[in-house]
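File shown: structure-v4.txt (compact mmCIF, C-alpha atoms and all ligand atoms).
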```txt
# COMPACT_ATOMS: atom_id res chain seq x y z
CA MET V 1 -11.17 -6.39 -19.26
CA THR V 2 -9.30 -9.67 -19.19
CA ARG V 3 -10.77 -12.26 -16.84
CA LEU V 4 -8.49 -13.35 -14.03
CA HIS V 5 -6.94 -16.83 -14.20
CA ASN V 6 -6.01 -16.62 -10.52
CA ASP V 7 -8.48 -14.62 -8.42
CA CYS V 8 -7.58 -16.20 -5.07
CA PHE V 9 -6.48 -12.79 -3.70
CA ILE V 10 -9.77 -11.11 -4.68
CA ARG V 11 -11.86 -13.94 -3.18
CA ALA V 12 -9.94 -13.82 0.09
CA LEU V 13 -10.48 -10.04 0.34
CA LEU V 14 -14.21 -10.66 -0.11
CA ARG V 15 -14.11 -13.55 2.39
CA GLN V 16 -15.27 -16.02 -0.27
CA PRO V 17 -13.97 -19.63 -0.22
CA VAL V 18 -10.40 -20.21 -1.45
CA GLU V 19 -8.30 -23.38 -1.88
CA ARG V 20 -5.27 -21.82 -0.19
CA THR V 21 -4.26 -18.53 1.41
CA PRO V 22 -3.12 -16.00 -1.23
CA VAL V 23 0.25 -14.34 -0.73
CA TRP V 24 2.00 -11.18 -1.95
CA MET V 25 4.45 -8.81 -0.33
CA MET V 26 4.46 -5.08 0.33
CA ARG V 27 7.34 -3.51 -1.64
CA GLN V 28 7.71 -6.78 -3.55
CA ALA V 29 9.31 -4.90 -6.47
CA GLY V 30 12.37 -3.15 -5.16
CA ARG V 31 15.97 -2.98 -4.16
CA TYR V 32 16.34 -6.49 -2.68
CA LEU V 33 16.08 -7.75 -6.29
CA PRO V 34 19.26 -7.44 -8.42
CA GLU V 35 17.10 -7.21 -11.56
CA TYR V 36 15.33 -4.19 -10.03
CA ARG V 37 18.63 -2.49 -9.24
CA ARG V 38 19.69 -2.92 -12.87
CA VAL V 39 16.56 -1.23 -14.27
CA ARG V 40 16.76 1.44 -11.55
CA GLU V 41 20.32 2.24 -12.59
CA GLN V 42 19.33 2.43 -16.24
CA ALA V 43 16.47 4.85 -15.35
CA GLY V 44 18.82 7.16 -13.45
CA SER V 45 16.46 8.28 -10.71
CA PHE V 46 13.63 6.60 -8.86
CA MET V 47 11.07 9.09 -10.21
CA SER V 48 12.23 8.59 -13.78
CA LEU V 49 11.56 4.88 -13.22
CA CYS V 50 8.03 5.68 -11.98
CA THR V 51 7.26 8.08 -14.84
CA GLN V 52 8.26 5.72 -17.68
CA PRO V 53 5.39 3.22 -18.03
CA GLU V 54 7.53 0.60 -19.84
CA LEU V 55 10.05 0.56 -16.98
CA ALA V 56 7.38 0.71 -14.28
CA CYS V 57 5.70 -2.24 -15.99
CA GLU V 58 8.94 -4.20 -16.20
CA VAL V 59 9.73 -3.88 -12.49
CA THR V 60 6.11 -4.56 -11.49
CA LEU V 61 6.38 -7.95 -13.19
CA GLN V 62 9.87 -8.87 -11.90
CA PRO V 63 8.85 -10.45 -8.57
CA LEU V 64 6.15 -12.52 -10.34
CA ALA V 65 8.82 -14.15 -12.49
CA ARG V 66 10.67 -15.28 -9.35
CA PHE V 67 7.96 -16.15 -6.85
CA ARG V 68 4.50 -17.75 -6.92
CA LEU V 69 2.70 -14.56 -5.87
CA ASP V 70 -1.06 -14.08 -6.08
CA ALA V 71 -1.07 -10.35 -6.85
CA ALA V 72 0.99 -7.70 -8.59
CA ILE V 73 1.23 -4.18 -7.20
CA LEU V 74 1.60 -1.17 -9.46
CA PHE V 75 5.15 0.15 -9.29
CA SER V 76 4.86 3.78 -8.27
CA ASP V 77 5.00 5.79 -5.07
CA ILE V 78 2.55 7.42 -2.67
CA LEU V 79 4.27 10.79 -3.17
CA THR V 80 3.09 11.16 -6.78
CA ILE V 81 0.05 13.17 -5.58
CA PRO V 82 1.99 15.88 -3.69
CA ASP V 83 4.44 15.95 -6.61
CA ALA V 84 1.53 16.60 -9.00
CA MET V 85 0.34 19.33 -6.62
CA GLY V 86 3.60 21.14 -7.36
CA LEU V 87 5.63 20.55 -4.18
CA GLY V 88 8.81 19.63 -6.06
CA LEU V 89 9.62 16.03 -5.08
CA SER V 90 13.16 14.67 -5.17
CA PHE V 91 14.84 11.60 -3.73
CA ALA V 92 18.34 12.36 -2.50
CA GLU V 93 20.48 9.18 -2.64
CA GLY V 94 20.24 7.39 0.71
CA GLU V 95 18.19 10.18 2.32
CA GLY V 96 14.64 9.49 1.27
CA PRO V 97 12.07 11.90 -0.15
CA ARG V 98 12.35 15.72 -0.03
CA PHE V 99 9.91 18.46 -1.02
CA ALA V 100 11.30 21.78 -2.26
CA ARG V 101 8.05 23.57 -1.32
CA PRO V 102 6.52 22.15 1.87
CA VAL V 103 3.00 23.24 2.89
CA ARG V 104 2.73 24.91 6.30
CA SER V 105 0.41 27.92 6.24
CA ALA V 106 -3.31 28.44 5.60
CA ALA V 107 -2.43 30.39 2.44
CA GLU V 108 -0.24 27.53 1.16
CA VAL V 109 -3.01 24.99 1.82
CA ARG V 110 -5.56 27.17 0.04
CA ALA V 111 -3.29 27.56 -3.00
CA LEU V 112 -2.87 23.77 -3.46
CA PRO V 113 -4.48 22.44 -6.63
CA VAL V 114 -6.33 19.10 -6.68
CA PRO V 115 -4.59 17.41 -9.62
CA ASP V 116 -6.55 15.90 -12.50
CA PRO V 117 -5.13 12.35 -12.54
CA GLU V 118 -5.53 11.93 -16.30
CA ASP V 119 -3.37 15.02 -16.78
CA ARG V 120 -0.50 15.39 -14.27
CA LEU V 121 -0.60 11.72 -13.26
CA ARG V 122 -1.19 10.25 -16.69
CA TYR V 123 2.08 8.25 -16.39
CA VAL V 124 0.45 6.26 -13.57
CA THR V 125 -2.71 5.31 -15.48
CA ASP V 126 -0.60 4.61 -18.59
CA ALA V 127 1.48 2.21 -16.48
CA VAL V 128 -1.70 0.50 -15.22
CA ARG V 129 -2.99 -0.02 -18.77
CA LEU V 130 0.36 -1.40 -19.94
CA ILE V 131 0.80 -3.71 -16.91
CA GLN V 132 -2.71 -5.13 -17.36
CA ARG V 133 -1.95 -5.87 -21.02
CA GLU V 134 1.29 -7.65 -20.06
CA LEU V 135 -0.27 -9.50 -17.11
CA GLY V 136 -3.07 -10.85 -19.29
CA GLY V 137 -5.10 -11.84 -16.23
CA ARG V 138 -2.41 -14.05 -14.64
CA VAL V 139 -3.02 -12.39 -11.25
CA PRO V 140 -4.89 -9.28 -10.09
CA LEU V 141 -3.19 -5.87 -10.15
CA ILE V 142 -3.35 -3.72 -7.01
CA GLY V 143 -3.52 0.07 -7.38
CA PHE V 144 -2.68 2.25 -4.40
CA SER V 145 -2.40 5.65 -2.80
CA GLY V 146 -1.13 7.09 0.45
CA SER V 147 -3.81 8.02 2.97
CA PRO V 148 -4.57 11.73 3.26
CA TRP V 149 -2.94 11.84 6.72
CA THR V 150 0.23 10.05 5.61
CA LEU V 151 0.57 12.30 2.55
CA ALA V 152 0.08 15.34 4.79
CA THR V 153 2.95 14.23 7.05
CA TYR V 154 5.40 14.33 4.11
CA MET V 155 3.93 17.57 2.71
CA VAL V 156 4.13 19.49 5.99
CA GLU V 157 7.44 18.02 7.21
CA GLY V 158 8.99 18.50 3.75
CA GLY V 159 10.15 14.86 3.74
CA GLY V 160 10.37 11.87 6.04
CA SER V 161 10.32 12.39 9.81
CA ARG V 162 10.80 10.52 13.07
CA GLU V 163 9.06 12.94 15.44
CA PHE V 164 6.41 14.60 13.24
CA ARG V 165 6.77 17.87 15.15
CA LYS V 166 5.77 20.14 12.27
CA VAL V 167 2.71 18.21 11.12
CA LYS V 168 1.47 17.51 14.64
CA GLY V 169 2.27 21.10 15.57
CA LEU V 170 0.00 22.28 12.76
CA MET V 171 -2.69 19.79 13.78
CA TYR V 172 -2.75 21.05 17.38
CA GLN V 173 -2.21 24.74 16.67
CA GLU V 174 -4.43 25.21 13.64
CA PRO V 175 -6.72 22.19 13.41
CA GLN V 176 -8.99 23.92 10.87
CA VAL V 177 -6.05 24.37 8.47
CA MET V 178 -5.16 20.71 8.93
CA HIS V 179 -8.76 19.74 8.16
CA GLU V 180 -8.70 21.86 5.03
CA LEU V 181 -5.49 20.18 3.86
CA LEU V 182 -6.86 16.70 4.61
CA GLY V 183 -10.15 17.47 2.85
CA LYS V 184 -8.27 18.46 -0.28
CA LEU V 185 -6.10 15.35 -0.06
CA ALA V 186 -9.15 13.08 0.39
CA GLU V 187 -10.55 14.57 -2.82
CA ALA V 188 -7.22 14.08 -4.64
CA VAL V 189 -6.80 10.50 -3.35
CA GLY V 190 -10.39 9.60 -4.32
CA LEU V 191 -9.93 10.94 -7.86
CA TYR V 192 -6.54 9.26 -8.19
CA LEU V 193 -7.83 5.84 -7.12
CA ALA V 194 -10.92 6.22 -9.33
CA ALA V 195 -8.59 6.91 -12.29
CA GLN V 196 -6.51 3.80 -11.47
CA ILE V 197 -9.73 1.76 -11.36
CA ALA V 198 -10.90 3.22 -14.68
CA ALA V 199 -7.49 2.26 -16.12
CA GLY V 200 -8.02 -1.33 -14.94
CA VAL V 201 -6.67 -2.14 -11.47
CA ASP V 202 -8.46 -5.06 -9.76
CA ALA V 203 -8.14 -3.93 -6.12
CA ILE V 204 -7.01 -0.80 -4.31
CA MET V 205 -4.93 -0.29 -1.20
CA VAL V 206 -4.52 2.82 0.96
CA PHE V 207 -1.20 3.04 2.82
CA ASP V 208 -1.56 4.89 6.11
CA THR V 209 2.04 4.44 7.13
CA TRP V 210 1.96 7.14 9.82
CA GLY V 211 -1.57 6.86 11.27
CA GLY V 212 -0.03 4.99 14.21
CA VAL V 213 1.83 8.07 15.50
CA LEU V 214 -1.48 9.71 16.50
CA SER V 215 -3.46 9.39 19.71
CA ALA V 216 -6.68 7.36 19.52
CA ALA V 217 -8.93 10.41 19.21
CA GLN V 218 -6.66 12.15 16.70
CA TYR V 219 -6.39 8.96 14.65
CA ARG V 220 -10.14 8.91 14.12
CA GLU V 221 -10.44 12.62 13.47
CA PHE V 222 -7.37 13.25 11.27
CA SER V 223 -6.54 9.88 9.69
CA LEU V 224 -9.41 7.40 9.58
CA ALA V 225 -12.14 9.96 8.77
CA TYR V 226 -10.24 11.09 5.67
CA ALA V 227 -9.30 7.56 4.57
CA GLN V 228 -13.05 6.91 4.68
CA GLN V 229 -13.84 10.15 2.82
CA ALA V 230 -11.37 9.25 0.05
CA LEU V 231 -13.03 5.85 -0.31
CA GLU V 232 -16.49 7.38 -0.50
CA ARG V 233 -15.25 9.84 -3.14
CA ILE V 234 -14.41 6.88 -5.43
CA GLY V 235 -17.99 5.60 -5.36
CA LEU V 236 -17.09 1.89 -5.46
CA ASP V 237 -20.76 0.86 -5.18
CA ARG V 238 -21.54 2.67 -8.45
CA LEU V 239 -19.06 0.50 -10.43
CA GLU V 240 -20.24 -2.46 -12.49
CA ARG V 241 -17.40 -4.66 -11.19
CA LYS V 242 -16.40 -5.30 -7.57
CA VAL V 243 -13.05 -3.70 -6.73
CA PRO V 244 -12.07 -4.62 -3.15
CA ALA V 245 -10.46 -1.91 -1.02
CA LEU V 246 -7.74 -2.46 1.61
CA LEU V 247 -6.64 -0.11 4.38
CA PHE V 248 -3.24 -0.52 6.02
CA THR V 249 -2.45 1.58 9.09
CA LYS V 250 0.99 0.81 10.48
CA GLY V 251 0.56 0.71 14.26
CA GLY V 252 -3.22 0.53 13.80
CA GLY V 253 -3.68 -2.74 15.73
CA GLN V 254 -5.19 -0.91 18.67
CA TRP V 255 -7.98 0.60 16.54
CA LEU V 256 -9.11 -2.35 14.42
CA GLU V 257 -12.75 -2.11 15.53
CA ALA V 258 -12.95 1.52 14.34
CA MET V 259 -11.07 0.74 11.14
CA ALA V 260 -13.44 -2.15 10.37
CA GLY V 261 -16.31 0.36 10.22
CA ALA V 262 -14.75 2.68 7.63
CA GLY V 263 -16.12 0.88 4.57
CA TYR V 264 -12.98 -1.00 3.49
CA ASP V 265 -13.25 -4.71 2.62
CA ALA V 266 -9.98 -5.62 4.32
CA LEU V 267 -7.44 -4.29 6.82
CA GLY V 268 -3.69 -4.69 6.64
CA ILE V 269 -2.05 -5.29 10.01
CA ASP V 270 1.58 -4.99 11.06
CA TRP V 271 3.43 -7.71 13.01
CA THR V 272 2.76 -6.29 16.49
CA THR V 273 -0.82 -7.60 16.57
CA ASP V 274 -1.67 -11.30 16.82
CA ILE V 275 -3.67 -12.04 13.67
CA GLY V 276 -5.98 -14.53 15.38
CA GLU V 277 -6.85 -11.96 18.01
CA ALA V 278 -7.38 -9.36 15.28
CA ARG V 279 -9.78 -11.77 13.56
CA ARG V 280 -11.81 -12.27 16.73
CA ARG V 281 -12.05 -8.48 17.16
CA VAL V 282 -13.20 -7.64 13.62
CA GLY V 283 -15.40 -10.73 13.30
CA ASP V 284 -16.88 -11.13 9.83
CA ARG V 285 -16.84 -7.42 9.02
CA VAL V 286 -13.54 -7.36 7.09
CA ALA V 287 -10.79 -9.61 5.77
CA LEU V 288 -7.23 -9.29 7.14
CA GLN V 289 -3.87 -8.98 5.42
CA GLY V 290 -0.52 -9.64 7.06
CA ASN V 291 1.50 -10.01 9.13
CA LEU V 292 4.99 -11.55 9.17
CA ASP V 293 7.63 -9.25 10.67
CA PRO V 294 9.67 -8.13 7.61
CA GLN V 295 12.83 -8.72 9.65
CA ALA V 296 11.83 -12.36 10.17
CA LEU V 297 13.19 -12.74 6.62
CA TYR V 298 16.70 -12.37 8.10
CA ALA V 299 16.15 -15.73 9.83
CA PRO V 300 17.19 -19.10 8.38
CA GLU V 301 14.65 -20.86 6.15
CA GLN V 302 13.43 -23.26 8.84
CA SER V 303 12.51 -20.38 11.15
CA ILE V 304 10.72 -18.54 8.35
CA ARG V 305 8.68 -21.67 7.63
CA ALA V 306 7.80 -22.01 11.32
CA GLU V 307 6.70 -18.34 11.49
CA VAL V 308 4.50 -18.79 8.40
CA GLU V 309 2.90 -21.86 9.99
CA ARG V 310 2.31 -19.99 13.24
CA ILE V 311 0.55 -17.07 11.48
CA LEU V 312 -1.64 -19.39 9.38
CA GLU V 313 -2.56 -21.33 12.51
CA SER V 314 -3.31 -18.18 14.47
CA TYR V 315 -5.68 -16.94 11.75
CA GLY V 316 -7.24 -20.41 11.67
CA PRO V 317 -9.63 -22.10 9.25
CA GLY V 318 -11.65 -20.38 6.54
CA SER V 319 -11.23 -17.55 4.08
CA GLY V 320 -10.55 -13.87 4.75
CA HIS V 321 -6.76 -13.97 5.13
CA VAL V 322 -4.22 -12.61 2.66
CA PHE V 323 -0.69 -13.54 3.67
CA ASN V 324 1.77 -10.63 3.58
CA LEU V 325 4.51 -9.00 5.58
CA GLY V 326 3.54 -6.55 8.33
CA HIS V 327 5.33 -3.80 6.36
CA GLY V 328 7.59 -3.55 3.30
CA VAL V 329 10.45 -5.94 2.56
CA TRP V 330 13.89 -4.56 3.52
CA PRO V 331 16.40 -3.89 0.71
CA ASP V 332 19.07 -6.14 2.30
CA VAL V 333 16.89 -9.27 2.45
CA ASP V 334 18.07 -12.32 0.52
CA PRO V 335 15.52 -13.06 -2.25
CA GLY V 336 15.96 -16.75 -1.42
CA ARG V 337 14.33 -16.14 1.99
CA VAL V 338 11.39 -14.41 0.29
CA GLY V 339 11.00 -17.50 -1.87
CA ALA V 340 11.02 -19.70 1.24
CA MET V 341 8.20 -17.61 2.76
CA VAL V 342 6.06 -17.75 -0.39
CA GLU V 343 6.56 -21.50 -0.79
CA ALA V 344 5.71 -22.10 2.87
CA VAL V 345 2.35 -20.34 2.38
CA HIS V 346 1.66 -22.54 -0.66
CA GLU V 347 2.63 -25.66 1.29
CA PHE V 348 0.94 -25.07 4.64
CA SER V 349 -2.18 -23.04 3.83
CA PRO V 350 -4.38 -25.55 1.91
CA ALA V 351 -4.94 -27.46 5.18
CA TRP V 352 -6.85 -24.43 6.54
CA HIS V 353 -9.29 -24.36 3.60
CA ARG V 354 -10.66 -27.91 3.49
O1 LIG V 401 5.01 -2.31 -3.01
C1 LIG V 401 5.54 -2.20 -4.14
O2 LIG V 401 6.36 -3.01 -4.60
C2 LIG V 401 5.06 -1.07 -5.03
C3 LIG V 401 5.84 0.11 -5.02
C4 LIG V 401 5.84 1.08 -3.84
C5 LIG V 401 6.94 1.93 -3.61
N1 LIG V 401 6.61 2.80 -2.63
C6 LIG V 401 8.21 1.87 -4.37
C7 LIG V 401 9.39 2.57 -3.83
C8 LIG V 401 4.86 1.41 -2.90
C9 LIG V 401 3.51 0.75 -2.66
C10 LIG V 401 5.34 2.51 -2.15
C11 LIG V 401 4.58 3.19 -1.10
C12 LIG V 401 5.24 4.18 -0.23
N2 LIG V 401 6.16 5.14 -0.58
C13 LIG V 401 4.94 4.36 1.12
C14 LIG V 401 3.87 3.62 1.88
C15 LIG V 401 4.22 2.22 2.15
C16 LIG V 401 5.20 2.03 3.24
O3 LIG V 401 6.23 1.41 2.98
O4 LIG V 401 4.88 2.42 4.38
C17 LIG V 401 5.74 5.42 1.61
C18 LIG V 401 5.76 5.94 3.03
C19 LIG V 401 6.51 5.90 0.51
C20 LIG V 401 7.43 7.08 0.52
C21 LIG V 401 8.79 6.67 0.11
N3 LIG V 401 9.15 6.34 -1.17
C22 LIG V 401 9.91 6.43 0.95
C23 LIG V 401 9.96 6.70 2.43
C24 LIG V 401 10.93 5.93 0.14
C25 LIG V 401 12.26 5.39 0.58
C26 LIG V 401 13.40 6.27 0.30
C27 LIG V 401 14.68 5.45 0.36
O5 LIG V 401 15.55 5.75 -0.47
O6 LIG V 401 14.77 4.52 1.17
C28 LIG V 401 10.43 5.88 -1.18
C29 LIG V 401 11.17 5.44 -2.39
C30 LIG V 401 10.73 4.14 -2.96
N4 LIG V 401 9.44 3.81 -3.25
C31 LIG V 401 11.57 3.07 -3.37
C32 LIG V 401 10.74 2.09 -3.92
C33 LIG V 401 11.16 0.78 -4.55
C34 LIG V 401 13.10 3.04 -3.28
C35 LIG V 401 13.68 4.04 -4.22
C36 LIG V 401 14.84 3.52 -5.06
O7 LIG V 401 14.76 2.46 -5.71
O8 LIG V 401 15.84 4.23 -5.08
```
I'd like the structure from this file rewritten - as structure tokens, please.
Amino acid sequence: MTRLHNDCFIRALLRQPVERTPVWMMRQAGRYLPEYRRVREQAGSFMSLCTQPELACEVTLQPLARFRLDAAILFSDILTIPDAMGLGLSFAEGEGPRFARPVRSAAEVRALPVPDPEDRLRYVTDAVRLIQRELGGRVPLIGFSGSPWTLATYMVEGGGSREFRKVKGLMYQEPQVMHELLGKLAEAVGLYLAAQIAAGVDAIMVFDTWGGVLSAAQYREFSLAYAQQALERIGLDRLERKVPALLFTKGGGQWLEAMAGAGYDALGIDWTTDIGEARRRVGDRVALQGNLDPQALYAPEQSIRAEVERILESYGPGSGHVFNLGHGVWPDVDPGRVGAMVEAVHEFSPAWHR
């Protein structure tokens, strides 16, 4: 394993001293970059980009060539697990993900295999190994998965959703079937993340994009409990190196105290929560990642710089903050604005670490 030249991101996640606040961006490799769109075109489909390690590696590294980022994130998707379970994933142009065989009955849940990541998801671990060779320790590489709950929303709905009627219908009508599905997914997510770690990722992140659509009680029972179970399945404390784990629940600001007790080293927060307030609530239990509104990148440079300053000031002095957006970057954002955000973090953050 190559030693890291820049481990600022890892230290911040572990709340160890840093010289400045590390910065990276959710969805930092993607359609807002013309060089991404070129490779994407060449690959044909989004999934063919994900399944070719050389191409996945190339687009993972693209944002690092443009911006002074402190982490790389594996280029892949959260829907690789349900795809490997045999649901038949496709991305219709401009429509988002679709599953040919959604999962809605007890029999369908029971028939779902838990995929062996070194078999059906080998393209992901191959990409990790290749990216780590190309990165050569410049910055840490983040591996990731969807949370069991968020994966279940796509698997039951058969794609994206605004109302979540099918998945919440199943949860309320047949909670035991939902628990069986989530238990299987926690197992699959744990194995998948363990395989990414064995292949060399330096940190892991669980995306719970849709945890925030649940009520407080349902969030704990159907989302957080299984995000915790997936983490425990990895067995991070049995590893010989420390691999920090991050949990991001969009809309999770109201449940930070509960999230801080799930065993993760850090929590990602969206832009609706004040980060200073979040820090006071979680105390020294976890680090925090976030939380510029992704649409703030539509603003002129001066406003972006002011927003960055405001977030750094709200978090205040000391380690434990990773600067990021509150959700993924939008495809129509000008890369120049992203650069302005990254440079503002480099410029303003050292003052908070003296
Ligand atoms: O952050 C990164 O740069 C790493 C790559 C990454 C992608 N998806 C690439 C991608 C990551 C971490 C994800 C996670 C992901 N995928 C999530 C959770 C994070 C979040 O944003 O909340 C979710 C919900 C998905 C499912 C998914 N995949 C959706 C809803 C879409 C959008 C469909 C569309 O066409 O808008 C995708 C496709 C996808 N994943 C793209 C990228 C760059 C765009 C596909 C393309 O280039 O055509």
Enumerate residues in contact with ligand LIG 401 (chain V): an atom-to-atom distance of at most 8 Å, counting only C-alpha atoms and all ligand atoms. Format the result as a short mmCIF file (atom, residue, chain, number, x, y, z; two decimals) with C-alpha atoms, in the coordinates of the input.
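selection06.cif was written with the following content:
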```
data_model
loop_
_atom_site.label_atom_id
_atom_site.label_comp_id
_atom_site.auth_asym_id
_atom_site.auth_seq_id
_atom_site.Cartn_x
_atom_site.Cartn_y
_atom_site.Cartn_z
CA MET V 25 4.45 -8.81 -0.33
CA MET V 26 4.46 -5.08 0.33
CA ARG V 27 7.34 -3.51 -1.64
CA GLN V 28 7.71 -6.78 -3.55
CA ALA V 29 9.31 -4.90 -6.47
CA GLY V 30 12.37 -3.15 -5.16
CA ARG V 31 15.97 -2.98 -4.16
CA TYR V 36 15.33 -4.19 -10.03
CA ARG V 37 18.63 -2.49 -9.24
CA ARG V 40 16.76 1.44 -11.55
CA SER V 45 16.46 8.28 -10.71
CA PHE V 46 13.63 6.60 -8.86
CA THR V 60 6.11 -4.56 -11.49
CA ILE V 73 1.23 -4.18 -7.20
CA LEU V 74 1.60 -1.17 -9.46
CA PHE V 75 5.15 0.15 -9.29
CA SER V 76 4.86 3.78 -8.27
CA ASP V 77 5.00 5.79 -5.07
CA ILE V 78 2.55 7.42 -2.67
CA LEU V 79 4.27 10.79 -3.17
CA PHE V 91 14.84 11.60 -3.73
CA ALA V 92 18.34 12.36 -2.50
CA GLU V 93 20.48 9.18 -2.64
CA GLY V 94 20.24 7.39 0.71
CA GLU V 95 18.19 10.18 2.32
CA GLY V 96 14.64 9.49 1.27
CA PRO V 97 12.07 11.90 -0.15
CA PHE V 144 -2.68 2.25 -4.40
CA SER V 145 -2.40 5.65 -2.80
CA GLY V 146 -1.13 7.09 0.45
CA THR V 150 0.23 10.05 5.61
CA GLY V 160 10.37 11.87 6.04
CA PHE V 207 -1.20 3.04 2.82
CA ASP V 208 -1.56 4.89 6.11
CA THR V 209 2.04 4.44 7.13
CA TRP V 210 1.96 7.14 9.82
CA LYS V 250 0.99 0.81 10.48
CA HIS V 327 5.33 -3.80 6.36
CA GLY V 328 7.59 -3.55 3.30
#
```
Query raised in the report: Of the candidates V:His321, V:Arg220, V:Arg310, V:Arg120, which one gets nearest to V:Gly86 if we count only C-alpha atoms?
Result: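 Of the candidates, the smallest distance to V:Gly86 is held by V:Arg120.
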**Report entry** Neighbour residues at most 9 Å from (-0.9, -12.7, 16.2) (only C-alpha atoms) as number ranges by chain
**Finding:** V: 271-278, 291, 310-311, 314-315
Residues from last step as file, C-alpha atoms, as a short mmCIF file (atom, residue, chain, number, x, y, z; two decimals), in the frame of the given file:
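New file part_38.cif:
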```
data_model
loop_
_atom_site.label_atom_id
_atom_site.label_comp_id
_atom_site.auth_asym_id
_atom_site.auth_seq_id
_atom_site.Cartn_x
_atom_site.Cartn_y
_atom_site.Cartn_z
CA TRP V 271 3.43 -7.71 13.01
CA THR V 272 2.76 -6.29 16.49
CA THR V 273 -0.82 -7.60 16.57
CA ASP V 274 -1.67 -11.30 16.82
CA ILE V 275 -3.67 -12.04 13.67
CA GLY V 276 -5.98 -14.53 15.38
CA GLU V 277 -6.85 -11.96 18.01
CA ALA V 278 -7.38 -9.36 15.28
CA ASN V 291 1.50 -10.01 9.13
CA ARG V 310 2.31 -19.99 13.24
CA ILE V 311 0.55 -17.07 11.48
CA SER V 314 -3.31 -18.18 14.47
CA TYR V 315 -5.68 -16.94 11.75
#
```
Requested in this report: Could you give me, as a ChimeraX atom specification, the residues that sit within 12 Å of (-4.3, -0.2, 5.1) in the file's coordinates, counting all atoms listed in the file?
Outcome: /V:26,144-147,150,204-212,223-224,227-228,231,245-253,256,259-260,262-270,286-290,326-327
Query raised in the report: With distances taken over only C-alpha atoms, which of V:Pro102, V:Pro63, V:Pro148, V:Gly143 is nearest to V:Gly339?
Result: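 The closest residue to V:Gly339 is V:Pro63.
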Output of stretch 69-90 of chain V limited to C-alpha atoms, as a PDB file, in the first residue's frame:
```pdb
ATOM      1  CA  LEU V  69      -8.958  18.458  -4.182  1.00  0.00           C
ATOM      2  CA  ASP V  70      -7.968  16.439  -1.116  1.00  0.00           C
ATOM      3  CA  ALA V  71      -9.685  13.174  -2.069  1.00  0.00           C
ATOM      4  CA  ALA V  72     -10.653  11.131  -5.099  1.00  0.00           C
ATOM      5  CA  ILE V  73     -13.895   9.167  -5.182  1.00  0.00           C
ATOM      6  CA  LEU V  74     -14.196   5.910  -7.063  1.00  0.00           C
ATOM      7  CA  PHE V  75     -16.190   6.424 -10.247  1.00  0.00           C
ATOM      8  CA  SER V  76     -19.074   3.979 -10.078  1.00  0.00           C
ATOM      9  CA  ASP V  77     -22.691   4.013  -8.954  1.00  0.00           C
ATOM     10  CA  ILE V  78     -24.707   2.897  -5.942  1.00  0.00           C
ATOM     11  CA  LEU V  79     -26.923   0.745  -8.192  1.00  0.00           C
ATOM     12  CA  THR V  80     -24.148  -1.758  -8.985  1.00  0.00           C
ATOM     13  CA  ILE V  81     -25.343  -3.989  -6.101  1.00  0.00           C
ATOM     14  CA  PRO V  82     -28.968  -4.385  -7.285  1.00  0.00           C
ATOM     15  CA  ASP V  83     -27.616  -4.834 -10.814  1.00  0.00           C
ATOM     16  CA  ALA V  84     -25.388  -7.682  -9.568  1.00  0.00           C
ATOM     17  CA  MET V  85     -28.441  -9.146  -7.819  1.00  0.00           C
ATOM     18  CA  GLY V  86     -29.985  -9.567 -11.268  1.00  0.00           C
ATOM     19  CA  LEU V  87     -32.558  -6.741 -11.384  1.00  0.00           C
ATOM     20  CA  GLY V  88     -31.575  -5.623 -14.880  1.00  0.00           C
ATOM     21  CA  LEU V  89     -30.333  -2.036 -14.549  1.00  0.00           C
ATOM     22  CA  SER V  90     -30.503   0.432 -17.417  1.00  0.00           C
TER      23      SER V  90
END
```
